[in-house]
Each structure stands twice: as C-alpha cells, then as structure tokens.
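Source file: work_30.cif. Holds: mmCIF, C-alpha atoms.
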data_start
#
loop_
_atom_site.label_atom_id
_atom_site.label_comp_id
_atom_site.auth_asym_id
_atom_site.auth_seq_id
_atom_site.Cartn_x
_atom_site.Cartn_y
_atom_site.Cartn_z
CA MET A 130 -34.95 1.42 -7.60
CA SER A 131 -34.34 -0.06 -11.05
CA GLY A 132 -33.33 2.51 -13.66
CA GLN A 133 -32.21 5.00 -11.02
CA GLU A 134 -28.59 5.96 -10.61
CA LEU A 135 -27.13 5.16 -7.24
CA HIS A 136 -26.18 8.11 -5.04
CA ASN A 137 -24.54 7.59 -1.71
CA HIS A 138 -21.91 9.26 0.42
CA ILE A 139 -19.98 8.85 3.66
CA GLU A 140 -17.89 11.16 5.80
CA LEU A 141 -15.34 9.97 8.33
CA THR A 142 -13.19 11.83 10.80
CA PHE A 143 -10.64 9.72 12.63
CA ALA A 144 -7.46 9.93 14.69
CA ALA A 145 -4.28 10.02 12.61
CA ARG A 146 -3.33 6.50 13.70
CA ALA A 147 -1.77 3.86 11.45
CA GLU A 148 -4.46 1.29 12.22
CA ASN A 149 -7.12 3.64 10.84
CA VAL A 150 -5.64 3.45 7.33
CA ALA A 151 -7.26 0.03 6.90
CA LEU A 152 -10.55 1.35 8.28
CA ALA A 153 -10.61 4.20 5.75
CA ARG A 154 -9.82 2.05 2.70
CA LEU A 155 -12.30 -0.66 3.71
CA LEU A 156 -15.15 1.82 4.25
CA VAL A 157 -14.53 3.57 0.93
CA ALA A 158 -14.30 0.18 -0.80
CA ALA A 159 -17.59 -0.86 0.82
CA LEU A 160 -19.26 2.30 -0.50
CA ALA A 161 -17.79 1.73 -3.98
CA ALA A 162 -18.85 -1.92 -4.02
CA ALA A 163 -22.47 -0.84 -4.61
CA ALA A 164 -21.44 0.21 -8.15
CA ASP A 165 -20.37 -3.41 -8.78
CA PRO A 166 -16.79 -2.60 -9.84
CA THR A 167 -14.36 -5.34 -10.87
CA LEU A 168 -12.12 -6.80 -8.15
CA ALA A 169 -9.15 -5.05 -9.79
CA GLU A 170 -10.96 -1.69 -9.72
CA LEU A 171 -11.86 -2.16 -6.07
CA GLU A 172 -8.25 -3.04 -5.27
CA GLU A 173 -7.09 0.12 -7.06
CA VAL A 174 -9.44 2.23 -4.92
CA LYS A 175 -8.18 0.56 -1.74
CA VAL A 176 -4.54 1.20 -2.64
CA ALA A 177 -5.17 4.85 -3.64
CA VAL A 178 -7.10 5.61 -0.43
CA SER A 179 -4.45 3.80 1.62
CA GLU A 180 -1.72 5.95 0.05
CA ALA A 181 -3.58 9.23 0.56
CA VAL A 182 -4.43 8.48 4.20
CA SER A 183 -0.91 7.17 4.91
CA ASN A 184 0.52 10.41 3.48
CA ALA A 185 -1.77 12.49 5.70
CA ILE A 186 -0.63 10.60 8.81
CA ILE A 187 3.09 10.28 7.99
CA HIS A 188 3.78 13.52 6.14
CA GLY A 189 0.90 15.80 7.10
CA TYR A 190 1.05 15.13 10.82
CA GLY A 191 4.46 13.48 11.23
CA GLY A 192 2.84 10.61 13.11
CA ASP A 193 1.03 12.81 15.68
CA ALA A 194 -1.93 10.55 16.53
CA ALA A 195 -3.72 13.38 18.37
CA ARG A 196 -4.53 15.01 15.02
CA GLN A 197 -7.45 14.12 12.78
CA VAL A 198 -7.87 13.00 9.18
CA GLN A 199 -11.10 13.61 7.30
CA VAL A 200 -12.22 11.35 4.48
CA SER A 201 -15.34 11.90 2.44
CA ALA A 202 -16.45 9.62 -0.36
CA GLU A 203 -19.32 9.99 -2.77
CA LEU A 204 -20.68 7.45 -5.19
CA ASP A 205 -22.63 8.96 -8.07
CA GLY A 206 -23.68 6.14 -10.36
CA ARG A 207 -20.36 4.65 -11.50
CA LEU A 208 -18.32 7.68 -10.47
CA LEU A 209 -16.47 7.55 -7.16
CA LEU A 210 -15.14 10.79 -5.65
CA VAL A 211 -12.91 10.62 -2.58
CA SER A 212 -11.42 13.48 -0.60
CA VAL A 213 -8.71 12.99 2.03
CA ARG A 214 -7.92 16.03 4.13
CA ASP A 215 -5.41 16.81 6.86
CA GLU A 216 -4.60 20.06 8.61
CA GLY A 217 -0.92 19.31 8.88
CA VAL A 218 2.30 20.84 7.59
CA GLY A 219 1.26 20.90 3.94
CA ILE A 220 3.38 20.14 0.90
CA ARG A 221 5.94 22.76 -0.12
CA ASP A 222 6.33 21.60 -3.70
CA ILE A 223 3.41 19.51 -4.97
CA GLU A 224 5.02 18.80 -8.35
CA LEU A 225 8.16 17.47 -6.66
CA ALA A 226 6.14 15.44 -4.14
CA MET A 227 4.20 13.80 -6.97
CA SER A 228 7.29 12.79 -8.97
CA PRO A 229 7.65 8.98 -8.95
CA SER A 230 10.92 8.56 -7.03
CA TYR A 231 10.45 11.35 -4.54
CA SER A 232 10.36 10.48 -0.86
CA THR A 233 11.28 12.31 2.30
CA GLU A 234 11.54 9.01 4.17
CA GLU A 235 14.41 6.57 3.68
CA GLU A 236 12.33 3.43 3.45
CA HIS A 237 9.21 4.95 1.97
CA LEU A 238 9.31 4.33 -1.74
CA GLY A 239 7.86 7.63 -2.86
CA LEU A 240 5.34 5.54 -4.78
CA GLY A 241 2.27 6.85 -3.01
CA PHE A 242 1.34 9.51 -5.55
CA ALA A 243 2.41 7.26 -8.44
CA PHE A 244 -0.11 4.64 -7.27
CA MET A 245 -2.81 7.27 -6.79
CA THR A 246 -2.37 8.68 -10.29
CA GLY A 247 -1.90 5.23 -11.82
CA PHE A 248 -4.94 3.65 -10.19
CA MET A 249 -7.43 6.54 -10.26
CA ASP A 250 -8.73 8.54 -13.23
CA ASP A 251 -8.00 11.90 -11.67
CA VAL A 252 -5.94 13.13 -8.73
CA GLN A 253 -5.99 16.72 -7.47
CA VAL A 254 -3.75 17.91 -4.67
CA MET A 255 -4.40 21.19 -2.88
CA SER A 256 -1.88 22.20 -0.27
CA ALA A 257 -0.21 25.16 1.33
CA SER A 258 2.63 25.23 3.81
CA GLN A 259 1.28 24.85 7.39
CA GLN A 260 -2.30 24.85 6.10
CA GLY A 261 -2.82 21.19 5.44
CA THR A 262 -3.38 19.09 2.36
CA THR A 263 -6.47 17.90 0.54
CA VAL A 264 -6.17 15.08 -1.98
CA ARG A 265 -9.13 14.51 -4.29
CA LEU A 266 -9.37 11.19 -6.08
CA ALA A 267 -11.85 10.32 -8.82
CA LYS A 268 -12.52 7.02 -10.51
CA HIS A 269 -15.12 6.06 -13.06
CA PHE A 270 -15.85 2.35 -12.96
CA ALA A 271 -16.03 0.71 -16.38
CA GLU A 272 -19.55 -0.05 -17.62
CA MET B 71 -0.84 -8.78 10.15
CA GLN B 72 0.58 -11.99 11.59
CA THR B 73 3.97 -13.41 10.73
CA THR B 74 5.51 -16.84 11.14
CA ILE B 75 9.29 -17.00 10.94
CA GLY B 76 11.54 -19.99 10.46
CA ILE B 77 14.46 -21.32 8.45
CA LYS B 78 14.12 -23.28 5.22
CA SER B 79 16.80 -24.98 3.19
CA TYR B 80 16.81 -25.14 -0.60
CA GLY B 81 19.68 -27.07 -2.15
CA ASN B 82 22.52 -26.34 0.28
CA LYS B 83 21.35 -22.79 1.04
CA ASP B 84 19.58 -21.70 4.21
CA TRP B 85 16.95 -18.97 4.02
CA VAL B 86 15.10 -17.06 6.69
CA TYR B 87 11.50 -17.85 5.82
CA VAL B 88 8.74 -15.45 6.84
CA ARG B 89 5.07 -16.05 6.14
CA CYS B 90 2.75 -13.02 6.23
CA VAL B 91 -0.98 -13.26 6.91
CA GLY B 92 -3.25 -10.23 6.67
CA GLU B 93 -2.54 -6.77 5.25
CA LEU B 94 0.91 -5.19 4.92
CA ASP B 95 0.36 -1.43 5.16
CA MET B 96 1.87 1.32 7.34
CA ALA B 97 0.24 -0.14 10.46
CA ALA B 98 1.99 -3.49 9.91
CA ALA B 99 5.27 -2.30 8.39
CA ASP B 100 7.16 -1.51 11.61
CA GLY B 101 6.34 -4.84 13.26
CA PHE B 102 7.29 -6.73 10.10
CA ARG B 103 10.60 -4.88 9.86
CA ARG B 104 11.38 -5.54 13.52
CA GLU B 105 10.63 -9.28 13.39
CA VAL B 106 12.61 -9.83 10.20
CA MET B 107 15.58 -7.82 11.50
CA ILE B 108 15.66 -9.94 14.68
CA ALA B 109 15.50 -13.18 12.68
CA LEU B 110 18.28 -12.06 10.34
CA GLN B 111 20.44 -11.01 13.26
CA GLN B 112 19.86 -14.22 15.24
CA THR B 113 20.51 -16.54 12.31
CA GLN B 114 23.20 -14.43 10.63
CA LEU B 115 21.67 -15.55 7.33
CA ARG B 116 21.75 -13.34 4.24
CA ARG B 117 18.81 -14.82 2.35
CA LEU B 118 15.18 -13.94 3.05
CA LEU B 119 12.19 -15.74 1.53
CA ILE B 120 8.89 -13.91 2.06
CA ASP B 121 5.78 -16.09 1.66
CA VAL B 122 2.90 -13.71 0.92
CA SER B 123 0.30 -16.41 0.21
CA GLY B 124 -1.69 -15.22 3.23
CA LEU B 125 -1.40 -11.55 2.27
CA SER B 126 -4.62 -9.92 1.06
CA PHE B 127 -3.36 -6.35 0.67
CA ILE B 128 -0.13 -4.42 0.21
CA ASP B 129 0.57 -0.75 -0.50
CA SER B 130 3.69 1.40 -0.86
CA SER B 131 4.43 1.20 2.89
CA GLY B 132 4.56 -2.60 2.60
CA LEU B 133 6.61 -2.48 -0.60
CA GLY B 134 8.99 -0.05 1.13
CA VAL B 135 9.72 -2.35 4.02
CA ILE B 136 10.42 -5.29 1.65
CA LEU B 137 12.66 -3.10 -0.50
CA GLY B 138 14.46 -1.97 2.64
CA ARG B 139 15.34 -5.58 3.47
CA HIS B 140 16.53 -6.10 -0.11
CA ARG B 141 18.87 -3.10 0.20
CA GLN B 142 20.12 -4.31 3.56
CA LEU B 143 20.82 -7.88 2.38
CA ALA B 144 22.09 -7.02 -1.11
CA ALA B 145 24.74 -4.82 0.53
CA LEU B 146 25.93 -7.96 2.37
CA GLY B 147 25.84 -10.15 -0.75
CA GLY B 148 22.45 -11.66 0.14
CA GLN B 149 19.03 -11.55 -1.45
CA VAL B 150 15.25 -11.41 -0.95
CA ALA B 151 12.73 -13.59 -2.81
CA ILE B 152 8.93 -13.53 -2.71
CA THR B 153 6.56 -16.45 -3.19
CA GLY B 154 2.81 -17.05 -3.03
CA ALA B 155 1.52 -13.68 -4.27
CA ASN B 156 -2.11 -13.51 -5.38
CA GLU B 157 -2.98 -11.48 -8.50
CA ALA B 158 -3.58 -8.22 -6.61
CA VAL B 159 -0.42 -8.39 -4.50
CA TYR B 160 1.69 -9.48 -7.50
CA ARG B 161 0.41 -6.52 -9.50
CA LEU B 162 1.50 -4.12 -6.74
CA LEU B 163 4.93 -5.79 -6.40
CA VAL B 164 5.48 -5.29 -10.14
CA ALA B 165 4.02 -1.75 -10.11
CA GLY B 166 6.55 -0.94 -7.38
CA GLY B 167 9.38 -2.34 -9.53
CA LEU B 168 10.38 -5.00 -6.99
CA HIS B 169 10.54 -7.64 -9.75
CA ARG B 170 13.55 -5.77 -11.16
CA VAL B 171 15.67 -6.43 -8.09
CA MET B 172 14.37 -9.72 -6.62
CA ILE B 173 12.90 -13.05 -7.65
CA ILE B 174 9.10 -13.03 -7.39
CA ASP B 175 7.08 -16.17 -8.15
CA PRO B 176 4.18 -15.23 -10.43
CA PRO B 177 0.65 -16.00 -9.17
CA ARG B 178 -0.54 -19.56 -9.62
CA SER B 179 -3.25 -18.63 -12.14
CA SER B 180 -0.72 -16.83 -14.41
CA ARG B 181 1.49 -19.90 -14.36
CA GLU B 182 -1.44 -22.06 -15.43
CA VAL B 183 -2.27 -19.66 -18.27
CA ARG B 184 1.26 -19.94 -19.62
CA ARG B 185 1.26 -23.74 -19.80
#

Spit out the file's structure as structure tokens when you get a sec.
Amino acid sequence: MSGQELHNHIELTFAARAENVALARLLVAALAAAADPTLAELEEVKVAVSEAVSNAIIHGYGGDAARQVQVSAELDGRLLLVSVRDEGVGIRDIELAMSPSYSTEEEHLGLGFAFMTGFMDDVQVMSASQQGTTVRLAKHFAE
Amino acid sequence: MQTTIGIKSYGNKDWVYVRCVGELDMAAADGFRREVMIALQQTQLRRLLIDVSGLSFIDSSGLGVILGRHRQLAALGGQVAITGANEAVYRLLVAGGLHRVMIIDPPRSSREVRR
C-alpha cells in the first residue's frame, strides 16, 4: 500500500440519544486516526463532531430519542469530510445560530458552532425550517 | 462520567470538592449538575473546586454546566475554581472563555515550561 493515498469511509445511523454522542465522535476519530493526525488535531475533530451531533439531538429533535441522526465520514488521504444530518425542526436563521454567543438554551453556551468553525477548516450548514439540518465539516490534517 | 464529591479546606475556607473521571459531554452534563447542586445545597457552601484531572474530554455542553455553576455561585458571592486539567481540556476551558471568570490551574506541562 505504500505510495497510495488512503481512502476510507463510514456511515452511521443511530438513535438521537445523548450517550451516542460519544460513540459518534470516537468512531470518526478512529477513522481519522489512520491519517496519523496530531493529538491536538484529533481532539479538534472529536469536539467538532460532538458539537454537531449534540446540536442535532438537542436542537434538531428537542431530545426526542425516537428520532435518528446520520453521520457519514470520509477520509481521503489527509482530508477528513464529516456530515451530520438530522430530520428535525431545522434552523430558522443559520447566520444567527452560528454567531458566537447565540444559544436558545439557558445553560448551553452557544459555543457549538464557534468550536466547529474554530477547530475545522470548513463548516457548511444546510437547513430549512421543519426539513432538518445537515452540517458538513472538513479538516485537512497538516503534512 | 464518574464523580467523587467531598469537602476540602484551604486556609480557613471550605470548598465543595468534586472530582470528575471520564468525559463531560451532553450525556454526562445533567448528572454532574444534579450531583453538584445536591452537594451545594447540603453543605450550604458557596465555593466549588472542580478537579478535572481524570477528565479526558469536554465540549460546550460540559463547559456550559460548569459556567452555570459559576453563575449560580457568583450571584451568592461564591466562586468556582478548576484544577488538574490536561492540555486538551485546558485548551477547551480557555476557548470557552472560562478563564476570564474563574481560577483555572494551567496544565502541569505548561507550568514546567514556564520555570
């Protein structure tokens, strides 16, 4: 396999339960680990995935554990692409939701999107009211 | 995540001391909040020392529950302090701005670098 770029991908569908947030971030981190990222890079991926999945469960589905979250992750050489999708209520105003201090929950810091954008190279959010939300995260691990 | 709760005295001040082991994310946040609230209520203390030396992961849900306790105690004239953070957890605490409102011991390795 020497000289060949690594290609790998996973797809997960799981119940929108809080304990599955750890499962999602650990599986994506395990996939990414094949690219031999630094510990800090791996930590950044774990936090970003944790935030995106937490948002899907808390905001997308309002804690309804009967719903499902889909996560797909693709490793293409040193590029990691992650997609987190829910079919929940959607985000009315994406720009507002992504502003650093915004939160609809009293004790939630509103830092979720700030950590995603701060720790990943690219963050795309696609959402429509009552049609769910897809968050796409991209990170290129340093050579 | 597992927590151990007790009381520790520094100088002549008593603190509720809580040690966290594991990962503090949205799955652990509610249990952490509940246990700390009970300890604060039972002891009537206004100071909370969180030992995160056994914590391997924290995200904004975890930061939120710590900040919530800060708001609660600061309103009563108390305070929250954090000790034992590893590099990764410390970085998140700072990224979340918690160092602006509470005392956070820097990670051991950073302290050694500064000597």

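When the PyMOL selection byres ((chain B) within 6 of (chain A)) is evaluated against the file, it yields Ala97, Asp129, Ser130, Gly134 and Gly138 of chain B.
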
Selection result for the PyMOL selection byres ((chain A and resi 219-224) around 10) on this file, as a CSV table (one decimal) with C-alpha atoms, in the frame of the given file:
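Result went into part.csv, see below:
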chain,number,residue,atom,x,y,z
A,185,ALA,CA,-1.8,12.5,5.7
A,188,HIS,CA,3.8,13.5,6.1
A,189,GLY,CA,0.9,15.8,7.1
A,190,TYR,CA,1.0,15.1,10.8
A,215,ASP,CA,-5.4,16.8,6.9
A,216,GLU,CA,-4.6,20.1,8.6
A,217,GLY,CA,-0.9,19.3,8.9
A,218,VAL,CA,2.3,20.8,7.6
A,225,LEU,CA,8.2,17.5,-6.7
A,226,ALA,CA,6.1,15.4,-4.1
A,227,MET,CA,4.2,13.8,-7.0
A,228,SER,CA,7.3,12.8,-9.0
A,231,TYR,CA,10.4,11.4,-4.5
A,254,VAL,CA,-3.8,17.9,-4.7
A,255,MET,CA,-4.4,21.2,-2.9
A,256,SER,CA,-1.9,22.2,-0.3
A,257,ALA,CA,-0.2,25.2,1.3
A,258,SER,CA,2.6,25.2,3.8
A,259,GLN,CA,1.3,24.8,7.4
A,260,GLN,CA,-2.3,24.8,6.1
A,261,GLY,CA,-2.8,21.2,5.4
A,262,THR,CA,-3.4,19.1,2.4
A,263,THR,CA,-6.5,17.9,0.5

**OP:** Using the chain letters and numbering of this document, enumerate as a ChimeraX atom specification the residues selected by the PyMOL selection byres ((chain B and resi 91) around 12).
**Re:** /B:71-75,88-90,92-94,98,102,120-128,154-155

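Put simply, CA of Arg139 (chain B) is 16.8 Å away from CA of Val164 (chain B).
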
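CA of Arg161 (chain B) to CA of Ile173 (chain B) spans 14.2 Å [interatomic distance, one decimal].
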
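With all atoms listed in the file as the basis for measurement, B:Leu119 is the residue among B:Leu146, B:Leu137, B:Ala99, B:Leu119 that approaches Asp175 (chain B) most closely.
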
Contacts of Gln253 (chain A) at 9 Å or less, counting only C-alpha atoms, minus same-chain residues fewer than 5 places along, as a PDB file with C-alpha atoms, in the frame of the given file?
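Result file follows (part.pdb):
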ATOM      1  CA  THR A 263      -6.470  17.900   0.540  1.00  0.00           C
ATOM      2  CA  VAL A 264      -6.170  15.080  -1.980  1.00  0.00           C
ATOM      3  CA  ARG A 265      -9.130  14.510  -4.290  1.00  0.00           C
ATOM      4  CA  LEU A 266      -9.370  11.190  -6.080  1.00  0.00           C
ATOM      5  CA  ALA A 267     -11.850  10.320  -8.820  1.00  0.00           C
TER       6      ALA A 267
END

**OP:** Return the single residue from A:Glu134, A:Glu170, A:Asp250, A:Glu140 that is closest to Asp205 (chain A), with distances computed using only C-alpha atoms.
**Re:** A:Glu134

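For the choices A:Val213, A:Ala194, A:Ala164, A:Val182, the atom-to-atom distance to Leu152 (chain A) is smallest for A:Val182 when using only C-alpha atoms.
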
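Going from CA of Asp251 (chain A) to CA of Thr142 (chain A) covers 23.1 Å.
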
**OP:** Within 12 Å of Glu272 (chain A), counting all atoms listed in the file, which residues show up once you throw out same-chain ones fewer than 6 positions away? Write them as JSON, numbers by chain, please.
**Re:** {"A": [164, 165, 166, 167, 170, 206, 207, 208]}

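For the set A:Phe270, A:Ser212, A:Val174, A:Leu135, the residue with the smallest atom-to-atom gap to Ala158 (chain A) is A:Val174, counting all atoms listed in the file.
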
**OP:** Excluding Thr113 (chain B) and any residue of its chain fewer than 2 positions from it, enumerate the residues within 10 Å of it, using all atoms listed in the file, and give them as a list in words.
**Re:** Gly76, Ile77, Asp84, Trp85, Val86, Ile108, Ala109, Leu110, Gln111, Leu115 and Arg116 of chain B

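Restricting the calculation to only C-alpha atoms, the smallest distance between Lys78 (chain B) and any of B:Arg178, B:Arg104, B:Arg117, B:Arg141 is found for B:Arg117.
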